[in-house]
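**Q** data_29.cif (mmCIF, C-alpha atoms) pasted underneath:
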data_coords
#
loop_
_atom_site.label_atom_id
_atom_site.label_comp_id
_atom_site.auth_asym_id
_atom_site.auth_seq_id
_atom_site.Cartn_x
_atom_site.Cartn_y
_atom_site.Cartn_z
CA MET A 1 32.37 0.44 -13.79
CA ALA A 2 31.60 4.13 -13.51
CA THR A 3 30.37 5.00 -10.04
CA THR A 4 27.89 7.52 -8.68
CA SER A 5 27.80 8.92 -5.16
CA ILE A 6 25.12 7.62 -2.83
CA THR A 7 24.37 11.31 -2.28
CA ARG A 8 22.25 11.15 -5.43
CA LEU A 9 19.99 8.63 -3.71
CA TYR A 10 19.96 10.60 -0.47
CA GLY A 11 18.82 13.64 -2.42
CA LEU A 12 15.84 11.61 -3.65
CA GLY A 13 14.99 10.38 -0.16
CA LEU A 14 16.29 6.90 -0.97
CA THR A 15 18.18 6.16 2.22
CA PRO A 16 19.45 2.62 2.89
CA GLY A 17 16.39 1.52 4.87
CA LYS A 18 13.93 2.85 2.32
CA LEU A 19 15.91 1.48 -0.60
CA ARG A 20 16.07 -1.95 1.01
CA GLY A 21 12.31 -1.81 1.56
CA LEU A 22 11.77 -1.05 -2.12
CA GLN A 23 14.01 -3.95 -3.11
CA ARG A 24 12.12 -6.30 -0.79
CA ILE A 25 8.60 -5.48 -2.04
CA SER A 26 9.44 -5.23 -5.76
CA ASN A 27 9.71 -7.67 -8.62
CA ALA A 28 13.16 -8.14 -10.13
CA ASN A 29 12.41 -5.57 -12.85
CA GLY A 30 11.34 -2.87 -10.36
CA THR A 31 7.57 -3.27 -10.71
CA LEU A 32 5.37 -4.09 -7.72
CA THR A 33 2.79 -6.88 -7.47
CA MET A 34 1.38 -6.54 -3.96
CA VAL A 35 -1.59 -8.22 -2.29
CA ALA A 36 -3.51 -6.85 0.71
CA THR A 37 -5.04 -8.93 3.51
CA ASP A 38 -5.27 -6.08 6.05
CA GLN A 39 -8.95 -5.20 5.60
CA ASN A 40 -10.29 -6.05 9.06
CA SER A 41 -13.74 -4.46 8.94
CA SER A 42 -14.69 -5.92 5.56
CA MET A 43 -13.29 -9.35 6.46
CA ILE A 44 -15.26 -9.42 9.71
CA SER A 45 -18.48 -8.47 7.87
CA MET A 46 -17.90 -11.15 5.25
CA MET A 47 -17.14 -13.81 7.87
CA LYS A 48 -20.20 -12.88 9.93
CA LYS A 49 -22.44 -13.12 6.86
CA ALA A 50 -20.95 -16.47 5.81
CA THR A 51 -21.39 -17.93 9.31
CA LYS A 52 -25.02 -16.86 9.45
CA GLU A 53 -25.79 -18.32 6.02
CA ALA A 54 -24.05 -21.60 6.87
CA THR A 55 -25.24 -22.15 10.44
CA GLY A 56 -27.93 -19.58 11.16
CA ALA A 57 -25.82 -18.16 14.01
CA ASP A 58 -25.64 -14.37 14.06
CA ARG A 59 -22.28 -13.84 15.77
CA GLU A 60 -19.02 -12.02 15.41
CA PRO A 61 -16.05 -14.13 14.29
CA THR A 62 -13.51 -14.85 17.00
CA TYR A 63 -10.00 -13.46 17.02
CA ALA A 64 -8.65 -16.94 16.24
CA GLU A 65 -11.00 -17.38 13.26
CA ILE A 66 -9.92 -14.08 11.75
CA ALA A 67 -6.22 -14.81 12.31
CA ASP A 68 -6.63 -18.28 10.74
CA ALA A 69 -8.31 -16.79 7.66
CA LYS A 70 -5.52 -14.26 7.22
CA VAL A 71 -2.83 -16.93 7.57
CA MET A 72 -4.61 -19.17 5.06
CA LEU A 73 -4.86 -16.38 2.47
CA SER A 74 -1.27 -15.31 3.08
CA ARG A 75 0.08 -18.84 2.70
CA ALA A 76 -1.73 -19.27 -0.63
CA LEU A 77 -0.95 -15.87 -2.17
CA ALA A 78 2.39 -14.72 -0.74
CA PRO A 79 4.51 -16.98 -3.00
CA HIS A 80 2.97 -15.31 -6.06
CA CYS A 81 3.39 -11.63 -5.20
CA SER A 82 6.32 -9.32 -4.56
CA GLY A 83 4.81 -7.85 -1.39
CA LEU A 84 2.08 -8.76 1.09
CA LEU A 85 0.23 -6.13 3.14
CA VAL A 86 -1.03 -7.31 6.53
CA ASP A 87 -2.39 -5.67 9.66
CA GLY A 88 -0.69 -5.70 13.04
CA PHE A 89 -3.77 -6.52 15.13
CA TYR A 90 -4.58 -9.93 13.65
CA GLY A 91 -2.15 -10.64 10.87
CA TYR A 92 1.55 -9.97 11.17
CA ALA A 93 2.82 -12.03 14.10
CA SER A 94 0.67 -15.06 13.29
CA THR A 95 1.53 -14.89 9.59
CA VAL A 96 5.27 -14.68 10.21
CA SER A 97 5.29 -17.23 13.03
CA ALA A 98 3.34 -19.71 10.89
CA PHE A 99 5.94 -19.40 8.07
CA ALA A 100 3.10 -18.36 5.75
CA VAL A 101 5.27 -15.91 3.77
CA PRO A 102 8.38 -17.01 1.87
CA PRO A 103 11.65 -15.09 2.33
CA SER A 104 11.38 -13.74 -1.22
CA THR A 105 8.17 -11.80 -0.50
CA GLY A 106 8.30 -8.42 1.22
CA LEU A 107 5.96 -7.54 4.09
CA LEU A 108 4.09 -4.28 4.63
CA ILE A 109 2.09 -3.49 7.77
CA ARG A 110 -0.64 -0.93 8.07
CA VAL A 111 -0.33 1.60 10.89
CA GLU A 112 -3.83 3.13 11.00
CA LYS A 113 -6.76 2.16 13.18
CA SER A 114 -9.68 0.47 11.43
CA GLY A 115 -12.90 2.48 11.72
CA ALA A 116 -11.67 5.89 12.84
CA ASP A 117 -14.09 8.53 14.14
CA LYS A 118 -15.85 10.75 11.61
CA ASN A 119 -16.57 14.47 11.64
CA ALA A 120 -19.93 16.12 10.98
CA ALA A 121 -19.40 15.84 7.22
CA GLY A 122 -18.97 12.06 7.46
CA ALA A 123 -15.23 12.34 6.93
CA PRO A 124 -13.02 9.78 8.67
CA CYS A 125 -10.19 11.40 10.62
CA GLY A 126 -7.28 9.00 10.74
CA GLU A 127 -5.47 7.78 13.81
CA VAL A 128 -2.86 5.17 14.65
CA GLU A 129 -3.98 1.72 15.81
CA PRO A 130 -3.92 1.89 19.64
CA GLY A 131 -0.78 0.27 21.00
CA TRP A 132 0.85 0.33 17.58
CA SER A 133 3.39 2.64 15.89
CA VAL A 134 5.88 3.12 13.09
CA ALA A 135 8.61 2.26 15.58
CA LYS A 136 6.99 -1.09 16.37
CA ILE A 137 6.52 -1.88 12.69
CA LYS A 138 10.22 -1.23 12.13
CA ARG A 139 11.17 -3.15 15.26
CA CYS A 140 9.30 -6.32 14.29
CA GLY A 141 11.08 -6.57 10.96
CA ALA A 142 8.57 -5.37 8.37
CA ASP A 143 9.76 -3.87 5.10
CA ALA A 144 7.27 -0.98 4.86
CA VAL A 145 4.58 1.01 6.65
CA LYS A 146 1.18 1.55 5.00
CA LEU A 147 -1.17 4.39 5.93
CA LEU A 148 -4.75 4.83 4.74
CA ALA A 149 -5.83 8.47 4.85
CA GLN A 150 -9.30 9.20 3.49
CA PHE A 151 -9.03 12.52 1.72
CA GLU A 152 -11.28 14.96 -0.08
CA PRO A 153 -9.43 18.24 -0.78
CA ASP A 154 -12.68 20.23 -0.68
CA GLU A 155 -13.83 18.91 2.73
CA LEU A 156 -11.63 21.36 4.55
CA ASP A 157 -11.76 20.07 8.12
CA SER A 158 -10.81 16.45 7.44
CA ALA A 159 -8.40 17.44 4.66
CA GLU A 160 -6.39 19.55 7.09
CA ARG A 161 -6.46 16.87 9.79
CA ASN A 162 -5.51 13.99 7.49
CA PHE A 163 -2.84 16.05 5.76
CA ALA A 164 -1.21 16.64 9.16
CA PHE A 165 -1.63 12.94 10.02
CA THR A 166 0.05 11.93 6.77
CA GLN A 167 2.97 14.28 7.41
CA GLN A 168 3.33 12.89 10.94
CA ILE A 169 3.65 9.30 9.69
CA TYR A 170 5.90 10.39 6.82
CA ASP A 171 8.27 12.08 9.28
CA GLU A 172 8.25 9.05 11.59
CA CYS A 173 9.14 6.76 8.67
CA ILE A 174 12.07 9.06 7.82
CA LYS A 175 13.19 8.95 11.46
CA HIS A 176 13.12 5.13 11.50
CA ASP A 177 14.33 4.82 7.88
CA ILE A 178 11.51 2.55 6.77
CA LEU A 179 9.61 2.65 3.50
CA PHE A 180 6.27 4.49 3.56
CA LEU A 181 3.30 3.62 1.33
CA LEU A 182 0.38 6.08 1.39
CA GLU A 183 -3.20 5.18 0.43
CA PRO A 184 -5.66 8.10 0.13
CA LEU A 185 -9.35 7.31 -0.48
CA HIS A 186 -12.25 9.51 -1.53
CA PHE A 187 -15.53 9.31 0.40
CA ALA A 188 -19.14 10.47 0.34
CA TYR A 189 -19.99 13.62 2.26
CA LYS A 190 -22.85 13.91 4.70
CA ILE A 191 -24.96 17.05 4.36
CA ASN A 192 -27.26 17.70 7.33
CA GLY A 193 -26.69 14.11 8.35
CA VAL A 194 -27.65 12.65 4.97
CA GLU A 195 -25.03 10.94 2.79
CA GLU A 196 -24.88 12.36 -0.73
CA ALA A 197 -26.00 10.30 -3.72
CA LYS A 198 -23.59 7.82 -5.30
CA ASP A 199 -23.82 9.47 -8.72
CA LYS A 200 -22.68 12.77 -7.24
CA VAL A 201 -19.66 11.08 -5.63
CA ALA A 202 -18.82 9.28 -8.89
CA ALA A 203 -19.03 12.55 -10.83
CA ARG A 204 -16.21 14.11 -8.82
CA LYS A 205 -14.12 10.97 -8.20
CA ALA A 206 -11.57 11.53 -10.96
CA LYS A 207 -10.94 15.13 -9.91
CA THR A 208 -10.62 14.09 -6.27
CA VAL A 209 -8.13 11.31 -7.06
CA ILE A 210 -5.95 13.55 -9.25
CA ASP A 211 -6.09 16.58 -6.95
CA THR A 212 -5.30 14.42 -3.91
CA ALA A 213 -2.16 13.15 -5.63
CA LYS A 214 -1.10 16.79 -6.10
CA TYR A 215 -1.45 17.35 -2.34
CA LEU A 216 -0.07 14.12 -0.95
CA SER A 217 2.10 12.11 -3.34
CA ARG A 218 5.33 13.83 -2.26
CA TYR A 219 4.78 12.74 1.36
CA CYS A 220 5.46 9.04 0.82
CA ASP A 221 7.76 6.64 -1.02
CA ILE A 222 5.07 4.67 -2.87
CA TYR A 223 1.68 6.24 -3.62
CA LYS A 224 -1.31 3.89 -3.69
CA ALA A 225 -3.94 5.50 -5.92
CA GLU A 226 -7.57 4.83 -6.64
CA PHE A 227 -8.68 4.37 -10.23
CA PRO A 228 -9.44 7.96 -11.36
CA GLY A 229 -12.95 7.54 -12.62
CA THR A 230 -15.68 4.96 -13.10
CA PHE A 231 -16.48 2.57 -15.93
CA GLY A 232 -19.83 3.54 -17.40
CA VAL A 233 -19.57 7.11 -16.13
CA GLU A 234 -16.59 8.17 -18.27
CA SER A 235 -15.53 6.67 -21.60
CA ASP A 236 -12.41 4.51 -21.79
CA ALA A 237 -10.68 7.34 -23.64
CA GLN A 238 -11.51 9.77 -20.83
CA LEU A 239 -10.41 7.25 -18.19
CA MET A 240 -7.11 6.79 -20.00
CA ASP A 241 -6.62 10.55 -20.06
CA ASN A 242 -7.41 10.67 -16.34
CA LEU A 243 -4.79 8.01 -15.66
CA LYS A 244 -2.17 9.90 -17.62
CA ARG A 245 -2.95 13.07 -15.69
CA LEU A 246 -2.66 11.11 -12.44
CA ASN A 247 0.71 9.76 -13.54
CA ASP A 248 1.91 13.25 -14.41
CA VAL A 249 1.05 14.73 -11.01
CA CYS A 250 2.35 11.82 -8.90
CA VAL A 251 5.73 12.86 -7.52
CA LYS A 252 6.58 9.31 -6.40
CA PRO A 253 6.04 5.89 -8.02
CA TRP A 254 2.39 4.87 -7.82
CA VAL A 255 0.43 1.65 -7.68
CA LEU A 256 -3.27 0.94 -8.22
CA LEU A 257 -5.58 -0.27 -5.46
CA SER A 258 -8.62 -2.47 -6.14
CA ALA A 259 -11.31 -0.90 -3.89
CA GLY A 260 -13.20 -4.21 -3.76
CA VAL A 261 -14.33 -4.21 -7.41
CA ASP A 262 -14.87 -7.54 -9.16
CA TYR A 263 -11.71 -9.10 -10.50
CA ASP A 264 -12.49 -8.76 -14.22
CA LYS A 265 -13.07 -5.03 -13.80
CA TYR A 266 -9.87 -4.68 -11.76
CA LYS A 267 -7.89 -6.54 -14.41
CA LYS A 268 -8.98 -3.98 -17.02
CA GLN A 269 -8.11 -1.12 -14.66
CA VAL A 270 -4.65 -2.61 -14.12
CA GLU A 271 -4.03 -2.93 -17.86
CA MET A 272 -4.94 0.72 -18.37
CA ALA A 273 -2.90 1.91 -15.38
CA MET A 274 0.25 0.12 -16.55
CA LYS A 275 -0.06 1.79 -19.96
CA ALA A 276 -0.38 5.17 -18.23
CA GLY A 277 2.82 4.82 -16.17
CA ALA A 278 1.89 2.97 -12.97
CA SER A 279 4.58 0.87 -11.31
CA GLY A 280 2.28 -1.87 -10.06
CA ILE A 281 -0.67 -2.75 -7.87
CA LEU A 282 -1.69 -3.29 -4.29
CA GLY A 283 -4.99 -5.15 -4.56
CA GLY A 284 -7.02 -6.98 -1.96
CA ARG A 285 -10.67 -7.97 -2.22
CA ALA A 286 -10.63 -8.19 -6.02
CA PHE A 287 -8.38 -11.22 -5.57
CA TRP A 288 -10.08 -12.98 -2.66
CA LYS A 289 -13.47 -11.53 -1.62
CA GLU A 290 -15.40 -14.73 -2.56
CA PHE A 291 -13.12 -16.65 -0.18
CA PHE A 292 -15.55 -15.97 2.67
CA THR A 293 -18.60 -17.30 0.80
CA TYR A 294 -17.34 -20.85 1.31
CA ALA A 295 -18.58 -22.49 4.49
CA SER A 296 -15.78 -24.92 5.29
CA PRO A 297 -12.06 -24.20 5.79
CA ALA A 298 -11.25 -26.87 3.21
CA ASP A 299 -13.37 -25.17 0.54
CA ARG A 300 -11.88 -21.79 1.41
CA GLN A 301 -8.39 -23.17 1.12
CA LYS A 302 -9.17 -24.74 -2.26
CA PHE A 303 -10.52 -21.42 -3.57
CA ALA A 304 -7.49 -19.55 -2.27
CA GLU A 305 -5.03 -21.99 -3.81
CA THR A 306 -6.75 -22.10 -7.19
CA GLU A 307 -8.82 -19.07 -8.25
CA CYS A 308 -7.13 -16.52 -5.98
CA VAL A 309 -3.68 -17.67 -7.09
CA ARG A 310 -4.76 -17.60 -10.75
CA ARG A 311 -5.89 -13.99 -10.41
CA VAL A 312 -2.68 -12.87 -8.73
CA GLN A 313 -0.50 -14.64 -11.31
CA GLU A 314 -2.50 -13.18 -14.20
CA THR A 315 -2.25 -9.69 -12.73
CA ASP A 316 1.47 -10.11 -12.03
CA ALA A 317 2.09 -10.75 -15.74
CA ILE A 318 0.34 -7.46 -16.56
CA VAL A 319 2.17 -5.53 -13.83
CA LYS A 320 5.57 -6.57 -15.16
CA SER A 321 4.87 -4.49 -18.27
CA GLY A 322 4.59 -1.39 -16.06
CA THR A 323 7.09 1.34 -15.20
CA PRO A 324 9.85 0.30 -12.76
CA TRP A 325 9.74 2.36 -9.56
CA PHE A 326 13.27 3.66 -10.15
CA ALA A 327 12.29 5.13 -13.53
CA LYS A 328 10.03 7.59 -11.67
CA TYR A 329 13.23 8.86 -10.03
CA ASP A 330 14.96 9.10 -13.43
CA LEU A 331 17.26 6.22 -12.49
CA THR A 332 18.25 3.05 -14.33
CA LEU A 333 19.36 -0.29 -12.91
CA GLU A 334 22.78 0.28 -14.44
CA GLU A 335 23.11 3.56 -12.54
CA LEU A 336 21.95 1.92 -9.33
CA HIS A 337 24.55 -0.82 -9.76
CA GLY A 338 27.22 1.88 -9.79
CA ILE A 339 26.18 3.64 -6.56
CA ARG A 340 28.96 3.75 -3.95
CA THR A 341 29.52 5.31 -0.53
CA THR A 342 32.70 6.91 0.78
CA ASP A 343 34.76 6.18 3.87
CA GLY A 344 32.89 6.83 7.10
CA TRP A 345 29.38 6.72 5.66
CA HIS A 346 28.18 4.42 8.45
CA ALA A 347 28.99 6.99 11.13
CA ARG A 348 27.46 9.89 9.20
CA TYR A 349 24.29 7.86 8.51
CA GLY A 350 21.52 9.01 10.79
CA GLY A 351 23.26 12.23 11.76
CA GLY A 352 26.59 10.98 13.11
CA THR A 353 30.06 12.17 12.18
CA ALA A 354 33.29 10.53 11.10
CA THR A 355 36.74 12.05 10.79
CA LYS A 356 40.01 10.60 9.63
CA GLY A 357 43.32 11.51 11.25
CA ALA A 358 46.88 10.76 10.19
CA SER A 359 46.76 7.29 11.75
CA GLY A 360 43.37 6.37 10.34
CA PRO A 361 39.73 6.81 11.25
CA SER A 362 39.24 8.44 14.63
CA ASP A 363 35.50 8.05 15.17
CA PRO A 364 35.29 6.58 18.70
CA ASN A 365 32.01 4.82 17.87
CA ALA A 366 33.22 3.13 14.71
CA VAL A 367 34.11 -0.55 14.35
CA TYR A 368 36.69 -1.58 11.75
#
Re-express the file's structure as structure tokens.
**A**
Amino acid sequence: MATTSITRLYGLGLTPGKLRGLQRISNANGTLTMVATDQNSSMISMMKKATKEATGADREPTYAEIADAKVMLSRALAPHCSGLLVDGFYGYASTVSAFAVPPSTGLLIRVEKSGADKNAAGAPCGEVEPGWSVAKIKRCGADAVKLLAQFEPDELDSAERNFAFTQQIYDECIKHDILFLLEPLHFAYKINGVEEAKDKVAARKAKTVIDTAKYLSRYCDIYKAEFPGTFGVESDAQLMDNLKRLNDVCVKPWVLLSAGVDYDKYKKQVEMAMKAGASGILGGRAFWKEFFTYASPADRQKFAETECVRRVQETDAIVKSGTPWFAKYDLTLEELHGIRTTDGWHARYGGGTATKGASGPSDPNAVY
């Protein structure tokens, strides 16, 4: 077999830790079918509403109730996806300890705090979950770090802040050699304290999504993009053109988020995105948001194991027609199979050195 130096991968930023992360969260053909259960704020709101409708009690869900819901969803959906995104606060340790995720499914953990402070324009300015870090995510065995960074290129204050925040996490993921998935989101401005109209936000959404990818897609390993436009605002032909433009400007492989839309709408978005060059999806509420409308744990579990699983399996079949992540790097599986290192790579990895004298390797820190 012809071989290629691992230097080619290093030149693309595909170091061993990042490459292993990609392998862990991908399907066998290099596409990505990932499910998110990390949405704390929306889950809490849904659970609070369901409790009030079922019992009349207006109360916040307990920590244990939230953790149980996350474990239940993870146990039902993890066997049917290539990667599962969880949060550190409620989800990761309980999910892993409960054996809710099979060994074949990769795990991503979000690093950002839920509900960050906003500036005068209503722009969220991201920050790390208190007590959490990229180093801890790496230490506890996850395969990838996920960062949400709400981003509007034309809101200059938050754009500058969140750009710097993204670069900070990107650099930390390089330092710890762990895969980094970036999720930018558009948002509505506030002008003199009043949030702008939804139609105005929708009118600029496609431009925001595409321009944001120009700014940020090089500062990650997998780019999680919004759908660039809105059904009913732009025609399908225009939306398809938007998706192709998004694909062209994305420096790294990209996947489509769901943004809480209904499943049937998300399914159509996924079909269009795969045709435009996307490598997969990372969807959450589109798969499971009705889960919290059921009053009893038994009914929730039944919904998760039937309808939620059906949606993920159906979407997975569509995703597998997408573009493998390695194709975005102009690589093939055959080329990857031929990658090899040279003597002493382990000592050079991470900035070390290795020399070889007449009697053999002389690196004092090496083990042979």
**Q** List the neighbours of region 243-248 of chain A out to 12 Å using only C-alpha atoms; skip same-chain residues closer than 6 positions along the sequence, and give me the result as an MDAnalysis selection string.
**A** chainID A and resid 206:215 217 223:230 236:237 254:256 269:279 323 328
**Q** Since we have the selection now, will you write its residues out, keeping C-alpha atoms, as an mmCIF file, in the frame of the given file?
**A**
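The result, written out as part.cif:
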data_model
loop_
_atom_site.group_PDB
_atom_site.id
_atom_site.type_symbol
_atom_site.label_atom_id
_atom_site.label_comp_id
_atom_site.auth_asym_id
_atom_site.auth_seq_id
_atom_site.Cartn_x
_atom_site.Cartn_y
_atom_site.Cartn_z
ATOM 1 C CA ALA A 206 -11.570 11.530 -10.960
ATOM 2 C CA LYS A 207 -10.940 15.130 -9.910
ATOM 3 C CA THR A 208 -10.620 14.090 -6.270
ATOM 4 C CA VAL A 209 -8.130 11.310 -7.060
ATOM 5 C CA ILE A 210 -5.950 13.550 -9.250
ATOM 6 C CA ASP A 211 -6.090 16.580 -6.950
ATOM 7 C CA THR A 212 -5.300 14.420 -3.910
ATOM 8 C CA ALA A 213 -2.160 13.150 -5.630
ATOM 9 C CA LYS A 214 -1.100 16.790 -6.100
ATOM 10 C CA TYR A 215 -1.450 17.350 -2.340
ATOM 11 C CA SER A 217 2.100 12.110 -3.340
ATOM 12 C CA TYR A 223 1.680 6.240 -3.620
ATOM 13 C CA LYS A 224 -1.310 3.890 -3.690
ATOM 14 C CA ALA A 225 -3.940 5.500 -5.920
ATOM 15 C CA GLU A 226 -7.570 4.830 -6.640
ATOM 16 C CA PHE A 227 -8.680 4.370 -10.230
ATOM 17 C CA PRO A 228 -9.440 7.960 -11.360
ATOM 18 C CA GLY A 229 -12.950 7.540 -12.620
ATOM 19 C CA THR A 230 -15.680 4.960 -13.100
ATOM 20 C CA ASP A 236 -12.410 4.510 -21.790
ATOM 21 C CA ALA A 237 -10.680 7.340 -23.640
ATOM 22 C CA TRP A 254 2.390 4.870 -7.820
ATOM 23 C CA VAL A 255 0.430 1.650 -7.680
ATOM 24 C CA LEU A 256 -3.270 0.940 -8.220
ATOM 25 C CA GLN A 269 -8.110 -1.120 -14.660
ATOM 26 C CA VAL A 270 -4.650 -2.610 -14.120
ATOM 27 C CA GLU A 271 -4.030 -2.930 -17.860
ATOM 28 C CA MET A 272 -4.940 0.720 -18.370
ATOM 29 C CA ALA A 273 -2.900 1.910 -15.380
ATOM 30 C CA MET A 274 0.250 0.120 -16.550
ATOM 31 C CA LYS A 275 -0.060 1.790 -19.960
ATOM 32 C CA ALA A 276 -0.380 5.170 -18.230
ATOM 33 C CA GLY A 277 2.820 4.820 -16.170
ATOM 34 C CA ALA A 278 1.890 2.970 -12.970
ATOM 35 C CA SER A 279 4.580 0.870 -11.310
ATOM 36 C CA THR A 323 7.090 1.340 -15.200
ATOM 37 C CA LYS A 328 10.030 7.590 -11.670
#
**Q** Write out as a VMD selection string each polymer residue whose atoms come within 6 Å of region 24-30 of chain A, counting all atoms listed in the file; drop sequence neighbours fewer than 5 positions from it.
**A** chain A and resid 82 to 83 106 324 to 325
**Q** Could you please determine the separation between CA of Val134 (chain A) and CA of Ala93 (chain A) in Å, to one decimal place?
**A**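 Atom-to-atom, CA of Val134 (chain A) and CA of Ala93 (chain A) are spaced 15.5 Å apart.
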**Q** My list of candidates is A:Val194, A:Ile6, A:Leu12, A:Ala295. Which is closest to Ala120 (chain A) when distances are computed with only C-alpha atoms?
**A**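 Among the listed residues, A:Val194 lies closest to Ala120 (chain A).
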**Q** Just so the selection is clear, what residues does the PyMOL selection byres ((chain A and resi 126) around 7) cover here, as an mmCIF file with C-alpha atoms, keeping the file's coordinate frame?
**A**
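Done, and the output landed in part.cif:
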data_model
loop_
_atom_site.group_PDB
_atom_site.id
_atom_site.type_symbol
_atom_site.label_atom_id
_atom_site.label_comp_id
_atom_site.auth_asym_id
_atom_site.auth_seq_id
_atom_site.Cartn_x
_atom_site.Cartn_y
_atom_site.Cartn_z
ATOM 1 C CA GLU A 112 -3.830 3.130 11.000
ATOM 2 C CA ALA A 116 -11.670 5.890 12.840
ATOM 3 C CA PRO A 124 -13.020 9.780 8.670
ATOM 4 C CA CYS A 125 -10.190 11.400 10.620
ATOM 5 C CA GLU A 127 -5.470 7.780 13.810
ATOM 6 C CA ALA A 149 -5.830 8.470 4.850
ATOM 7 C CA ASN A 162 -5.510 13.990 7.490
ATOM 8 C CA PHE A 165 -1.630 12.940 10.020
#
**Q** Once the PyMOL selection byres ((chain A and resi 301) around 12) is applied to the coordinates I shared, what remains selected? I want it as a PyMOL selection string.
**A** chain A and resi 68-77+288+290-300+302-309
**Q** Work out how far apart CA of Gly260 (chain A) and CA of Arg59 (chain A) are and give it in Å to one decimal.
**A**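 Separating CA of Gly260 (chain A) from CA of Arg59 (chain A) is a distance of 23.6 Å.
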**Q** Give me the result of the PyMOL selection byres ((chain A and resi 107) around 6) on this file, residue by residue, as a VMD selection string.
**A** chain A and resid 83 to 85 106 108 142 to 143
**Q** Which residue out of A:Glu334, A:Asp262, A:Glu172, A:Asp87 has the minimum interatomic distance to Lys138 (chain A) when all atoms listed in the file are used?
**A**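 Nearest to Lys138 (chain A): A:Glu172.
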**Q** Please determine, counting all atoms listed in the file, which residue among A:Lys118, A:Arg310, A:Lys18, A:Lys113 has the shortest atom-to-atom distance to Asp38 (chain A).
**A**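 Checking each candidate against Asp38 (chain A), we get A:Lys113 as the closest.
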**Q** Give as a list in words each residue that has an atom at most 7 Å from (-0.8, 2.9, 0.2) in the file, counting all atoms listed in the file.
**A** Lys146, Leu147, Leu148, Leu181, Leu182, Glu183, Ile222, Tyr223 and Lys224 of chain A
**Q** Please fill the gaps in region 63-74 of chain A so it has N, CA and C atoms, and write that as an mmCIF file, in the coordinates of the input.
**A**
data_model
loop_
_atom_site.group_PDB
_atom_site.id
_atom_site.type_symbol
_atom_site.label_atom_id
_atom_site.label_comp_id
_atom_site.auth_asym_id
_atom_site.auth_seq_id
_atom_site.Cartn_x
_atom_site.Cartn_y
_atom_site.Cartn_z
ATOM 1 N N TYR A 63 -11.354 -13.895 17.403
ATOM 2 C CA TYR A 63 -10.000 -13.460 17.020
ATOM 3 C C TYR A 63 -9.276 -14.579 16.295
ATOM 4 N N ALA A 64 -9.363 -15.804 16.829
ATOM 5 C CA ALA A 64 -8.650 -16.940 16.240
ATOM 6 C C ALA A 64 -9.141 -17.239 14.826
ATOM 7 N N GLU A 65 -10.456 -17.120 14.601
ATOM 8 C CA GLU A 65 -11.000 -17.380 13.260
ATOM 9 C C GLU A 65 -10.487 -16.366 12.251
ATOM 10 N N ILE A 66 -10.418 -15.112 12.661
ATOM 11 C CA ILE A 66 -9.920 -14.080 11.750
ATOM 12 C C ILE A 66 -8.437 -14.297 11.463
ATOM 13 N N ALA A 67 -7.658 -14.568 12.503
ATOM 14 C CA ALA A 67 -6.220 -14.810 12.310
ATOM 15 C C ALA A 67 -5.999 -16.014 11.396
ATOM 16 N N ASP A 68 -6.781 -17.085 11.584
ATOM 17 C CA ASP A 68 -6.630 -18.280 10.740
ATOM 18 C C ASP A 68 -6.926 -17.962 9.276
ATOM 19 N N ALA A 69 -7.966 -17.154 9.036
ATOM 20 C CA ALA A 69 -8.310 -16.790 7.660
ATOM 21 C C ALA A 69 -7.190 -15.991 7.012
ATOM 22 N N LYS A 70 -6.611 -15.067 7.758
ATOM 23 C CA LYS A 70 -5.520 -14.260 7.220
ATOM 24 C C LYS A 70 -4.296 -15.112 6.915
ATOM 25 N N VAL A 71 -3.982 -16.053 7.805
ATOM 26 C CA VAL A 71 -2.830 -16.930 7.570
ATOM 27 C C VAL A 71 -3.076 -17.801 6.346
ATOM 28 N N MET A 72 -4.288 -18.321 6.200
ATOM 29 C CA MET A 72 -4.610 -19.170 5.060
ATOM 30 C C MET A 72 -4.450 -18.409 3.738
ATOM 31 N N LEU A 73 -4.993 -17.192 3.682
ATOM 32 C CA LEU A 73 -4.860 -16.380 2.470
ATOM 33 C C LEU A 73 -3.398 -16.040 2.196
ATOM 34 N N SER A 74 -2.680 -15.682 3.247
ATOM 35 C CA SER A 74 -1.270 -15.310 3.080
ATOM 36 C C SER A 74 -0.459 -16.492 2.562
#
